[in-house]
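Written out below as structure tokens is the structure these notes cover.
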Amino acid sequence: MKQRQKVAIIGTGMTAFGDLYEYEITDISNLAIFEALRSSKVSRKLIESLYVGNMGSNVFENQENLGNLISTYSGIKSPSFKIQAAEASGAVALRTAYKNILSESKDIVMVLGVEKMTETTKQPELQHALATGLDTMWETKMGATMGALFAIMAKSHMKKYGTTREQIAQVVVKNHNNGAKNPKAQFHNKLTIEKVMNSKPVATPLNLFDACAMSDGAASVILAAEDVAYSYDSDPIFIIDSKQGFAPIALHQRDSLTEFSGTKFAAEKLYKDHSISNKDISFAEVHDIFSISEIIAIESLGLVPVGEGGKATEEGVTSLDGEIPINTSGGLKARGAPLGATGIAQAIEVYEQFKGSAEKRQVKDINYAMSHSMGGSGGTSVVTLYGRGN
Amino acid sequence: MGVAQSWRTQSSRYRLAGSKCNECKNYYFPVTVVCSNCESDNLEVINFKGTGKLVEWTRVDEGASGFDHVVPYYFAIIQLDEGVRLSAQLVSVMDESKITDGMPVRMTFRKLMESTREGIIEYGFKAEPVNPI
Ligand SMILES: [Zn+2]
């Protein structure tokens with residue numbers, strides 16, 4: 001028997017993202033889980049493992065042992081456990097599940113990304129939760145916030161490449177335009193460059209609307225081995241590969257303030273291993289935890305030339321009707337960023353685009369697609385490549 | 001931070017204690033038990049001189065947890081003369097417009113946090129311009 005090469009997504013389920021005050025973390029998990037089961041017609045009993053991507057249940061809900069908790073409330077009694085890699089938790093969970101199927105230890109598994117952030121109502125508590133993904137002793141104690149670190153990257157990028165504040169704000173405007181077309185997005189309002197730049201300052205040059213908002217949400221996919229997938233879907237969408245890249249956890253430990261070296265490593269390996277180039281990527285979901293993050297990400301992913309991320313955004317290259325649409329879902333910014341759920345929400349957006357069910361945000365003539373997720377300020381990167389069967 | 005962590009990190013926070021690898025000569029901040037470059041455990045504790053230059057900075061208006069009462073403040077990445085980089089607040093700035101890239105700075109001993117979970121008042125280093133601005 002030839003070794004498995006690919007893994008299919010055969011079911012998806014996702015809550016709307018936003019303030020879901022009326023639901024427990026187990027409720028939103030179940031909404032996503034059972035939608036995925038129904039969409040795939042996979043019976044719960046066939047799920048061989050449940051991987052739960054979550055960043056902050058310990059801080060937000062004082063709850064750990066999340067695998068066991070969610071298994072209990074969903075009745076999925078397979079082995080289950082939480083995977084934590086800060087904001088990349090969902091993407092690392094997806095990659096781990098994918099790898100487990102490739103290694104032939106499993107045939108059908110479920111991945112859930114979930115986060116319930118609105119259990120905390122105070123800004124310092126939120127800052128504390130987000131800061132746990134940084135070097136808490138030598139960055140956070142010294143005054144670092146996610147905003148401060150991305151602000152430093154923004155300033156460096158502006159000086160090195162002439163990126164303008166307006167170009168950075170345009171990322172937000174573009175992602176809100178896309179989010180307005182996504183029924184499950186947290187934000188459907190449109191923004192202007194002026195509104196972004198005049199919102200409350202966070203850390204110069206970034207403002208409140210450059211950042212993601214607090215959000216609740218759950219997203220789930222069911223994965224199946226290539227040989228199993230065709231009995232559920234005659235035209236399966238495949239995860240072709242998923243790579244993880246490393247950079248030091250603290251921004252001050254990195255050689256460059258204007259690239260995500262872990263992202264670059266993972267993307268270059270994907271291109272090389274599959275003999276493809278950036279021209280083969282039809283669209284991508286990237287980690288726009290702050291506006292500037294999208295600009296650096298598309299450069300590090302090789303989707304636009306280094307230093308031209310801002311210019312590409314300004315010129316509409318990354319818009320829905322541009323050469324390489326970025327964050328058609330609205331991204332973390334407008335679709336919403338329930339931390340551990342984002343990596344799975346990205347995979348679902350990719351799946352819907354391939355299936356032609358993305359309605360007003362539909363991209364045409366899709367060849368390959370990419371999703372990109374990061375933990376902390378870019379220490380952990382996961383880049384995943386998707387495509388159809390031959 | 002907890003009591004043990006506060007005690008353990010004092011030398012690095014108060015005196016900029018770090019490590020020098022006697023095999024590959026790499027410097028580390030803070031003190032470490034193994035060289036992440038060459039895997040050697042032949043390291044000695046050194047105190048960095050505490051002078052360096054400003055690499056990049058930002059004015060933080062929405063502070064970290066425990067810093068919300070001191071906003072706005074300046075957060076910076078500093079490169080010490082020995083080549084090691086670290087994160088620190090930039091203080092003693094009278095005129096923000098006079099902050100320049102590569103500006104010489106020295107590390108200074110200050111109070112970091114008013115109080116934490118364990119009720120400890122935490123001290124440590126911040127950076128200040130060598131030439132008053
Ligand atoms: Zn060494």
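Note on naming: chains are A, B, ... as they come in the structure tokens, residues start from 1 per chain, ligands start from 1 in the order shown.
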Counting only C-alpha atoms, what is within 7 Å of Gly52 of chain B, bar same-chain residues fewer than 6 positions away, as a list of chain:residue names?
-> B:Ile78, B:Gln79, B:Leu80, B:Asp81, B:Pro104, B:Val105, B:Arg106
Could the residues of chain B within 9 Å of chain A, counting only C-alpha atoms, be given as a PyMOL selection string, please?
-> chain B and resi 1+30+56-68+72-79+84-89+112-113+124-126
Take the residues that were just selected and, keeping N, CA and C atoms, output them as an mmCIF file, in the first residue's frame.
data_model
loop_
_atom_site.group_PDB
_atom_site.id
_atom_site.type_symbol
_atom_site.label_atom_id
_atom_site.label_comp_id
_atom_site.auth_asym_id
_atom_site.auth_seq_id
_atom_site.Cartn_x
_atom_site.Cartn_y
_atom_site.Cartn_z
ATOM 1 N N MET B 1 4.762 38.059 39.271
ATOM 2 C CA MET B 1 5.604 36.867 39.438
ATOM 3 C C MET B 1 5.533 36.378 40.869
ATOM 4 N N PRO B 30 18.511 36.597 29.892
ATOM 5 C CA PRO B 30 19.127 36.540 31.227
ATOM 6 C C PRO B 30 20.080 35.338 31.379
ATOM 7 N N GLU B 56 14.542 50.230 18.448
ATOM 8 C CA GLU B 56 13.211 50.686 18.005
ATOM 9 C C GLU B 56 12.357 50.910 19.241
ATOM 10 N N TRP B 57 11.339 51.744 19.106
ATOM 11 C CA TRP B 57 10.511 52.097 20.269
ATOM 12 C C TRP B 57 9.103 52.442 19.832
ATOM 13 N N THR B 58 8.199 52.469 20.820
ATOM 14 C CA THR B 58 6.825 52.904 20.560
ATOM 15 C C THR B 58 6.274 53.552 21.823
ATOM 16 N N ARG B 59 5.328 54.458 21.652
ATOM 17 C CA ARG B 59 4.632 55.014 22.810
ATOM 18 C C ARG B 59 3.385 54.188 23.045
ATOM 19 N N VAL B 60 3.303 53.573 24.230
ATOM 20 C CA VAL B 60 2.187 52.673 24.544
ATOM 21 C C VAL B 60 1.088 53.456 25.256
ATOM 22 N N ASP B 61 -0.093 53.483 24.642
ATOM 23 C CA ASP B 61 -1.221 54.190 25.239
ATOM 24 C C ASP B 61 -2.181 53.240 25.931
ATOM 25 N N GLU B 62 -2.138 51.964 25.528
ATOM 26 C CA GLU B 62 -2.961 50.948 26.189
ATOM 27 C C GLU B 62 -1.999 49.951 26.807
ATOM 28 N N GLY B 63 -1.829 50.048 28.124
ATOM 29 C CA GLY B 63 -0.724 49.375 28.797
ATOM 30 C C GLY B 63 -0.906 47.904 29.055
ATOM 31 N N ALA B 64 0.218 47.255 29.353
ATOM 32 C CA ALA B 64 0.204 45.859 29.759
ATOM 33 C C ALA B 64 -0.497 45.763 31.112
ATOM 34 N N SER B 65 -0.923 44.541 31.439
ATOM 35 C CA SER B 65 -1.541 44.296 32.733
ATOM 36 C C SER B 65 -0.579 44.735 33.839
ATOM 37 N N GLY B 66 -1.034 45.581 34.742
ATOM 38 C CA GLY B 66 -0.169 46.094 35.799
ATOM 39 C C GLY B 66 0.494 47.413 35.430
ATOM 40 N N PHE B 67 0.332 47.835 34.172
ATOM 41 C CA PHE B 67 0.933 49.082 33.710
ATOM 42 C C PHE B 67 -0.134 50.105 33.327
ATOM 43 N N ASP B 68 -1.407 49.726 33.525
ATOM 44 C CA ASP B 68 -2.487 50.578 33.023
ATOM 45 C C ASP B 68 -2.501 51.949 33.694
ATOM 46 N N PRO B 72 0.638 57.152 29.230
ATOM 47 C CA PRO B 72 1.453 56.464 28.227
ATOM 48 C C PRO B 72 2.894 56.280 28.703
ATOM 49 N N TYR B 73 3.522 55.229 28.199
ATOM 50 C CA TYR B 73 4.948 55.015 28.486
ATOM 51 C C TYR B 73 5.628 54.573 27.201
ATOM 52 N N TYR B 74 6.960 54.613 27.210
ATOM 53 C CA TYR B 74 7.720 54.211 26.025
ATOM 54 C C TYR B 74 8.247 52.794 26.221
ATOM 55 N N PHE B 75 7.993 51.950 25.235
ATOM 56 C CA PHE B 75 8.525 50.588 25.260
ATOM 57 C C PHE B 75 9.565 50.477 24.141
ATOM 58 N N ALA B 76 10.689 49.872 24.455
ATOM 59 C CA ALA B 76 11.787 49.879 23.480
ATOM 60 C C ALA B 76 12.519 48.555 23.394
ATOM 61 N N ILE B 77 13.156 48.335 22.270
ATOM 62 C CA ILE B 77 14.125 47.242 22.121
ATOM 63 C C ILE B 77 15.509 47.893 22.141
ATOM 64 N N ILE B 78 16.360 47.383 23.030
ATOM 65 C CA ILE B 78 17.694 47.946 23.255
ATOM 66 C C ILE B 78 18.735 46.927 22.834
ATOM 67 N N GLN B 79 19.779 47.387 22.185
ATOM 68 C CA GLN B 79 20.922 46.503 21.924
ATOM 69 C C GLN B 79 22.070 46.919 22.824
ATOM 70 N N VAL B 84 23.901 41.800 22.814
ATOM 71 C CA VAL B 84 22.630 41.174 23.192
ATOM 72 C C VAL B 84 21.503 42.216 23.170
ATOM 73 N N ARG B 85 20.316 41.775 22.742
ATOM 74 C CA ARG B 85 19.164 42.678 22.754
ATOM 75 C C ARG B 85 18.200 42.323 23.877
ATOM 76 N N LEU B 86 17.509 43.337 24.385
ATOM 77 C CA LEU B 86 16.476 43.094 25.381
ATOM 78 C C LEU B 86 15.362 44.130 25.256
ATOM 79 N N SER B 87 14.239 43.829 25.926
ATOM 80 C CA SER B 87 13.099 44.734 25.968
ATOM 81 C C SER B 87 13.150 45.540 27.253
ATOM 82 N N ALA B 88 12.808 46.818 27.185
ATOM 83 C CA ALA B 88 12.794 47.656 28.384
ATOM 84 C C ALA B 88 11.925 48.878 28.152
ATOM 85 N N GLN B 89 11.463 49.448 29.233
ATOM 86 C CA GLN B 89 10.819 50.758 29.104
ATOM 87 C C GLN B 89 11.903 51.803 28.905
ATOM 88 N N LEU B 112 9.425 48.458 38.694
ATOM 89 C CA LEU B 112 8.720 47.969 37.504
ATOM 90 C C LEU B 112 7.207 47.968 37.700
ATOM 91 N N MET B 113 6.771 47.378 38.797
ATOM 92 C CA MET B 113 5.333 47.159 39.014
ATOM 93 C C MET B 113 4.950 47.569 40.426
ATOM 94 N N GLY B 124 13.486 46.551 38.703
ATOM 95 C CA GLY B 124 14.263 46.030 37.591
ATOM 96 C C GLY B 124 14.837 47.167 36.780
ATOM 97 N N PHE B 125 15.230 46.846 35.544
ATOM 98 C CA PHE B 125 15.913 47.863 34.721
ATOM 99 C C PHE B 125 14.961 48.556 33.763
ATOM 100 N N LYS B 126 15.266 49.797 33.486
ATOM 101 C CA LYS B 126 14.662 50.532 32.380
ATOM 102 C C LYS B 126 15.818 51.223 31.668
#
Taking only C-alpha atoms and all ligand atoms into account, produce a table as a tab-separated table in which each residue of chain B with an atom at most 7 Å from an atom of ligand 1 appears once, together with its shortest atom pair and the distance in Å to one decimal, ordered by chain and rising number.
residue	atom	partner	partner_atom_place_in_ligand_line	distance
B:Cys21	CA	ligand 1	1 (Zn)	4.7
B:Asn22	CA	ligand 1	1 (Zn)	6.7
B:Glu23	CA	ligand 1	1 (Zn)	5.1
B:Cys24	CA	ligand 1	1 (Zn)	4.0
B:Lys25	CA	ligand 1	1 (Zn)	6.1
B:Asn26	CA	ligand 1	1 (Zn)	5.7
B:Cys35	CA	ligand 1	1 (Zn)	4.6
B:Ser36	CA	ligand 1	1 (Zn)	6.8
B:Asn37	CA	ligand 1	1 (Zn)	5.1
B:Cys38	CA	ligand 1	1 (Zn)	4.1
B:Glu39	CA	ligand 1	1 (Zn)	6.0
B:Ser40	CA	ligand 1	1 (Zn)	5.3
Would you mind listing what lies within 8 Å of Ser92 of chain B as an NGL selection string, with only C-alpha atoms counted and same-chain residues fewer than 4 positions away left out?
-> :B and (128-129 or 132-133)
All strand (DSSP E) positions in segment 89-230 of chain A, as a ChimeraX atom specification = /A:108-116,201-203,206-207,216-225
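Residue nearest Leu20 of chain A, chosen from A:Ala36, A:Val196, A:Ala218, A:Ala224 and counting only C-alpha atoms: A:Ala218.
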Give the helix (DSSP H, G or I) residues of segment 108-357 of chain A, as DSSP finds them on the backbone, and put them as a ChimeraX atom specification.
-> /A:117-119,123-131,140-142,146-161,165-179,193-197,208-210,226-229,251-253,261-273,278-280,291-300,309-314,331-334,339-355
